[in-house]
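Report on one structure; see the data block that follows.
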Amino acid sequence: MKQLIVKNREIGTGKPLICVPVMETEKEAIISEIESLSQSAADMMEWRADAFEHFFDENAVRDVLKAVEPMVKEKLFLYTFRTKSQGGEAEIDSGLLRRLHFLAAELGCVDLVDLEYFREENPNPHIVRLQEMGVKVIASHHDFQKTPAPEKMKMLLESMRAGGADIVKLAVMPETARDVLNLLEVTENFKREHPETPVITMSMGGLGSISRLCGEVFGSCVTFGAHRKCSAPGQYQMQELAAALDMLHKSMNTAL
């Protein structure tokens, strides 16, 4: 089975990678935060371009990406524009959203691009083009209102996988502990049935925070932690998250 390897990091097996979102609004603050994270415990940095005050200006976005290029040589670098309907900071028309995706891909410093799969009318050609430009694609879906039924969550993951994404991602909001258990079960089943497709899942908020720790058990390959600003409810601070993942990994790999 072929594994997904980016910058010598294997994605989809072992201890989950820690991804830290950059939610700053101003150019210099974004650059400063990425520079700081480049020396941190993070495995991956996510630039949340929807938080950038000048996201509508393609030249301004290009300037940020060019400025941080020397700082992202060692860490994985994920470009994300999270729309307001998916829990993000801003809304954007489809044409500009696509142009920004392609801009991020063509500059060469971005390793992965997040694509809100079900927002697109025809996402599959978009995925193919981004992959041809040299980036990996995370197809994502976020539900900040509820946790869908298990069969619906399975369908969402299967649809994104069928669309050709390199990684599939599902984030949901629990109302009960059973919701969290359902997400973990769906994750484990998907990973067992499709070991070749890395999956990222999380149950948000305080109730779901356990899901951000147990990816090595249930199959979620990336977990999101905060540095200065959280990008979603329930995120642990990066250093606390790293310590907890190390502890669980050591326990899982200690002979009884």
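Identifiers in this document derive from the order of the structure tokens: chains are assigned A, B, ..., residues are numbered from 1 separately in each chain, and ligands are numbered from 1 in order of occurrence.
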DSSP on the backbone, then: every residue of stretch 6-219 of chain A marked strand (DSSP E), written as a ChimeraX atom specification.
-> /A:6,9-11,17-22,44-48,76-80,112-116,136-143,167-172,199-203
What lies within 12 Å of A:Glu188 using only C-alpha atoms, ignoring chain neighbours under 6 positions off, as a list in words?
->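 So, after excluding close chain neighbours, the residues are Pro150, Lys154, Leu157, Leu181, Asn182, His194, Pro195, Pro198, Val199, Ile200, Thr201, Ser211, Cys214, Gly215, Glu216, Val217, Phe218, Gly219, Ser220 and Cys221 of chain A.
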Output file for the residues above (C-alpha atoms, as a CSV table (one decimal), in the first residue's frame):
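Produced file selection14.csv, reproduced below:
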chain,number,residue,atom,x,y,z
A,150,PRO,CA,-23.3,7.8,11.3
A,154,LYS,CA,-19.8,7.8,6.3
A,157,LEU,CA,-16.2,10.8,3.8
A,181,LEU,CA,-18.5,8.0,20.0
A,182,ASN,CA,-20.3,7.9,16.6
A,194,HIS,CA,-9.7,2.7,3.1
A,195,PRO,CA,-6.2,2.5,4.7
A,198,PRO,CA,-5.6,9.5,5.2
A,199,VAL,CA,-8.6,10.9,7.2
A,200,ILE,CA,-8.9,13.8,9.6
A,201,THR,CA,-11.9,14.0,11.9
A,211,SER,CA,-11.3,13.3,19.7
A,214,CYS,CA,-7.1,9.8,20.2
A,215,GLY,CA,-6.3,9.9,16.5
A,216,GLU,CA,-3.6,7.2,16.8
A,217,VAL,CA,-6.2,4.8,18.1
A,218,PHE,CA,-9.1,5.6,15.8
A,219,GLY,CA,-7.3,6.7,12.7
A,220,SER,CA,-7.4,10.5,12.5
A,221,CYS,CA,-4.0,11.5,11.1
Atom CA of A:Glu69 to atom CA of A:Arg98: how many Å, to one decimal?
->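 Pair atom CA of A:Glu69 / atom CA of A:Arg98 returns 21.0 Å.
Distances here use only C-alpha atoms; by that measure, the residue among A:Lys169, A:Arg192, A:Arg212, A:His54 closest to A:Gln237 is A:Arg212.
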For the atom pair atom CA of A:Lys250 and atom CA of A:Ser209, what is the interatomic distance in Å to one decimal place?
->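 Value for the atom CA of A:Lys250-atom CA of A:Ser209 distance: 20.3 Å.
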Residues of stretch 135-194 of chain A in helix (DSSP H, G or I) according to DSSP, as a count of residues only?
-> 30
Identify which of the residues A:Ala51, A:Ala139, A:Ile18, A:Leu65 lies closest to A:Met238, counting only C-alpha atoms when measuring atom-to-atom distances.
->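 For A:Met238, the nearest of the candidates is A:Ile18.
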Select, from A:Ala149, A:Ala104, A:Ala67, A:Ala243, the residue with the minimum atom-to-atom distance to A:Leu130, counting only C-alpha atoms.
->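 Nearest candidate to A:Leu130 out of A:Ala149, A:Ala104, A:Ala67, A:Ala243: A:Ala104.
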Pick out the residues sitting within 12 Å of A:Gly134, and hand them over as a list in words; count only C-alpha atoms, and ignore anything fewer than 3 positions along from it in its own chain.
-> Val6, Phe102, Ala104, Ala105, Glu106, Leu107, Gly108, Cys109, Val110, Asp111, Leu112, Val113, Ile127, Val128, Arg129, Leu130, Gln131, Val137 and Asp166 of chain A
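Atom pair atom CA of A:Leu115 / atom CA of A:Leu184 has a distance of 22.6 Å (rounded to one decimal).
Between A:Gly225 and the candidates A:Glu91, A:Glu240, A:Glu74, A:Glu151, the tightest atom-to-atom separation, counting only C-alpha atoms, involves A:Glu240.
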Identify, on the basis of only C-alpha atoms, every residue whose closest approach to A:Met247 does not exceed 12 Å; exclude the query and any residue fewer than 5 positions from it along the same chain; express the result as a list in words.
-> Lys15, Leu213, Cys214, Glu216, Glu240, Leu241, Ala242, Met252, Asn253 and Thr254 of chain A
Keeping C-alpha atoms for every residue in the selection just given, could you write it to a file as a compact mmCIF listing (two decimals), in the first residue's frame?
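The result, stored in selection02.txt:
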# COMPACT_ATOMS: atom_id res chain seq x y z
CA LYS A 15 1.02 9.57 16.01
CA LEU A 213 -6.18 13.32 21.33
CA CYS A 214 -7.06 9.80 20.23
CA GLU A 216 -3.61 7.23 16.81
CA GLU A 240 -0.25 20.68 25.93
CA LEU A 241 -1.42 18.78 22.87
CA ALA A 242 2.12 17.67 21.99
CA MET A 252 0.47 2.47 23.05
CA ASN A 253 3.95 1.34 22.05
CA THR A 254 5.10 0.05 25.43
